2 protein chains.
Amino acid sequence: MISQKAKYALRALVALAREGESMMIGEIAAHEKIPRKFLEQILLEMKRHGIVMSRRGKLGGYALLMPADQITFGQVLRILDGPLAPLPCLSRIAYRRCADCRTEEDCEIRHVFAAVANSARDVLDRTTIADAIARRERVAVGAVEPVS
Amino acid sequence: MISQKAKYALRALVALAREGESMMIGEIAAHEKIPRKFLEQILLEMKRHGIVMSRRGKLGGYALLMPADQITFGQVLRILDGPLAPLPCLSRIAYRRCADCRTEEDCEIRHVFAAVANSARDVLDRTTIADAIARRERVAVGAVEPVS
DNA sequence: GAGAAACACTATAAACTAGATAGAGTAAAG
DNA sequence: CTTTACTCTATCTAGTTTATAGTGTTTCTC
């Protein structure tokens, strides 16, 4: 399960991308039904990572700093929820050996989850905010086709 | 990230499948470096779900009740970690509408994560304990091929 | 430059969850 | 009838998630 935080962030980014111009936190919060003060923290974090920019004072607000077709879901999730990988020993951004794992290469569990992690990354690192807005059906061109 | 609990469960099942016959909790715990009392709870839960069986008293222990090639990773994860789906509104076993979501069909976030969920399920519901033991490389025949 | 509007920052809180640990209870073997 | 090993329930602790509160700082307008 992804966190509320990440979900809020993605929704806020979609809103900003849709709007095309600067929006005040209050506007976004109201429109997307996000607790306002919580959204402040989230947007601040996104700002620190160069995804959005802000302007203070009257006429202030937030706007995308990166173009919507360059902000991937993976990027946002990694910022707010940490590694995408289902096991620490499979994470690219925060690798940690499993304390109790004998040998990593022989770990049966690891091999299976590596496949899961790869296919998740395949979707999340290709799909951008712009994609999410533009296409309702086909997500992440060339990526895995949903099965059942 | 999957929970320790699920990881322990999968490792224990692999151990049982490898062994082929009944094993005592203490054996499994020692061999797989799993806290013994914690493993008790896990195996008990697996027993309630008909995956393993147990025998008490001297000569007691646990053994697989289902054949190893019929126990899927998805099944185990759902028992111990709950839904595989990254959003409640995408879960098959525990669907819940997102409280703050306007219309489900138009939710941009949902569409993206549906693709992720499907590809994860595609691997996890096809890969069995037997698969994990047998093949180190090719996981879940016919499933998604790892990309990068 | 005063005042108001809006973001910036830090601290705190409430609720929940993960990961274990403890201990009394029950069944089976010999 | 004692030992061994699983069964069950309760509890604990630390950490995380999801906020909320309040003060500070920037900028616009008049």
# chains A, B, ... in the order shown; residues from 1 in each chain; ligands from 1
$ closest_atom_pairs --of "chain B" --to "chain A" --cutoff "8 Å" --atoms "only C-alpha atoms" --output "tab-separated table"
residue	atom	partner	partner_atom	distance
B:Met1	CA	A:Pro86	CA	3.8
B:Ile2	CA	A:Pro86	CA	5.4
B:Lys7	CA	A:Ile109	CA	7.6
B:Leu10	CA	A:Ile109	CA	7.1
B:Arg11	CA	A:Ile109	CA	7.2
B:Glu32	CA	A:Asp100	CA	7.5
B:Lys33	CA	A:Asp100	CA	6.1
B:Ile34	CA	A:Asp100	CA	7.8
B:Leu84	CA	A:Met1	CA	7.5
B:Ala85	CA	A:Met1	CA	6.4
B:Pro86	CA	A:Met1	CA	3.8
B:Leu87	CA	A:Met1	CA	5.5
B:Pro88	CA	A:Met1	CA	7.6
B:Asp100	CA	A:Lys33	CA	6.0
B:Cys101	CA	A:Glu32	CA	8.0
B:Asp106	CA	A:Arg136	CA	7.6
B:Glu108	CA	A:Ala132	CA	5.2
B:Ile109	CA	A:Ala132	CA	7.0
B:His111	CA	A:Arg136	CA	6.7
B:Val112	CA	A:Val139	CA	6.2
B:Ala114	CA	A:Pro146	CA	8.0
B:Ala115	CA	A:Pro146	CA	5.6
B:Val116	CA	A:Ala120	CA	5.4
B:Asn118	CA	A:Pro146	CA	5.3
B:Ser119	CA	A:Pro146	CA	6.2
B:Ala120	CA	A:Val116	CA	5.4
B:Asp122	CA	A:Val147	CA	6.9
B:Val123	CA	A:Val116	CA	6.4
B:Leu124	CA	A:Val116	CA	7.5
B:Thr127	CA	A:Val112	CA	7.6
B:Ala132	CA	A:Glu108	CA	5.2
B:Ile133	CA	A:Glu108	CA	6.2
B:Arg136	CA	A:His111	CA	6.7
B:Glu137	CA	A:His111	CA	7.3
B:Val139	CA	A:Val112	CA	6.2
B:Val144	CA	A:Ser119	CA	6.8
B:Glu145	CA	A:Ala115	CA	7.3
B:Pro146	CA	A:Asn118	CA	5.3
B:Val147	CA	A:Asn118	CA	6.3
B:Ser148	CA	A:Asn118	CA	7.2
$ interface_residues --of "chain B" --to "chain D" --cutoff "10 Å" --atoms "only C-alpha atoms (C1' of nucleotides)" --output "list of chain:residue names"
B:Met24, B:Ile25, B:Gly26, B:Glu40, B:Gln41, B:Leu44, B:Ser54, B:Arg55, B:Arg56, B:Gly57, B:Lys58, B:Leu59, B:Gly60, B:Gly61, B:Tyr62
$ write_last_selection --atoms "C-alpha atoms" --output "short mmCIF file (atom, residue, chain, number, x, y, z; two decimals), in the first residue's frame"
data_model
loop_
_atom_site.label_atom_id
_atom_site.label_comp_id
_atom_site.auth_asym_id
_atom_site.auth_seq_id
_atom_site.Cartn_x
_atom_site.Cartn_y
_atom_site.Cartn_z
CA MET B 24 9.85 -29.05 14.51
CA ILE B 25 9.43 -25.32 14.97
CA GLY B 26 12.75 -25.21 16.78
CA GLU B 40 4.99 -20.16 16.13
CA GLN B 41 2.42 -17.47 15.45
CA LEU B 44 -0.26 -21.25 13.33
CA SER B 54 0.92 -29.87 12.61
CA ARG B 55 1.27 -32.68 15.05
CA ARG B 56 1.68 -32.17 18.78
CA GLY B 57 3.68 -33.93 21.43
CA LYS B 58 6.85 -35.89 21.02
CA LEU B 59 7.59 -36.51 17.36
CA GLY B 60 5.48 -33.44 16.68
CA GLY B 61 6.21 -30.75 14.16
CA TYR B 62 4.97 -29.04 11.06
#
$ select_by_dssp --residues "segment 6-144 of chain B" --states "helix (DSSP H, G or I)" --output "PyMOL selection string"
chain B and resi 6-19+25-32+36-48+68-70+73-81+88-90+104-106+108-124+129-134
$ interface_residues --of "chain C" --to "chain A" --cutoff "6 Å" --atoms "only C-alpha atoms (C1' of nucleotides)" --output "compact mmCIF listing (two decimals) with C-alpha atoms (C1' of nucleotides), in the first residue's frame"
# COMPACT_ATOMS: atom_id res chain seq x y z
C1' DA C 5 -2.07 37.22 2.69
C1' DA C 6 0.46 33.10 1.85
C1' DC C 7 4.35 30.09 2.19
$ residues_around --residues "His49 of chain A" --least-positions-apart "3" --cutoff "12 Å" --atoms "only C-alpha atoms (C1' of nucleotides)" --output "list of chain:residue names"
A:Ile42, A:Leu43, A:Leu44, A:Glu45, A:Met46, A:Val52, A:Met53, A:Leu64, A:Leu65, A:Met66, A:Ile71, A:Gln75, A:Val76, A:Arg78, A:Ile79, A:Leu80
$ decode --residues "chain C" --atoms "C-alpha atoms (C1' of nucleotides)" --output "short mmCIF file (atom, residue, chain, number, x, y, z; two decimals), in the first residue's frame"
data_model
loop_
_atom_site.label_atom_id
_atom_site.label_comp_id
_atom_site.auth_asym_id
_atom_site.auth_seq_id
_atom_site.Cartn_x
_atom_site.Cartn_y
_atom_site.Cartn_z
"C1'" DG C 1 5.96 51.20 6.02
"C1'" DA C 2 1.80 48.97 7.88
"C1'" DG C 3 -1.10 45.33 7.27
"C1'" DA C 4 -2.69 41.29 5.28
"C1'" DA C 5 -2.07 37.22 2.69
"C1'" DA C 6 0.46 33.10 1.85
"C1'" DC C 7 4.35 30.09 2.19
"C1'" DA C 8 8.25 28.09 5.72
"C1'" DC C 9 9.53 25.71 9.48
"C1'" DT C 10 9.44 23.06 13.78
"C1'" DA C 11 7.23 20.70 17.32
"C1'" DT C 12 3.89 17.80 19.05
"C1'" DA C 13 0.10 14.46 19.30
"C1'" DA C 14 -2.96 10.61 18.47
"C1'" DA C 15 -3.60 6.31 16.33
"C1'" DC C 16 -1.90 2.53 14.38
"C1'" DT C 17 1.33 -1.21 13.16
"C1'" DA C 18 5.30 -4.27 13.19
"C1'" DG C 19 7.89 -7.24 15.53
"C1'" DA C 20 8.50 -9.52 19.02
"C1'" DT C 21 8.18 -11.82 24.01
"C1'" DA C 22 5.81 -14.31 27.83
"C1'" DG C 23 3.39 -17.73 29.86
"C1'" DA C 24 -0.27 -20.79 30.83
"C1'" DG C 25 -2.85 -24.46 28.29
"C1'" DT C 26 -3.45 -28.88 25.63
"C1'" DA C 27 -2.26 -33.07 23.14
"C1'" DA C 28 0.65 -37.05 22.18
"C1'" DA C 29 4.42 -40.47 23.01
"C1'" DG C 30 6.40 -43.74 25.66
#
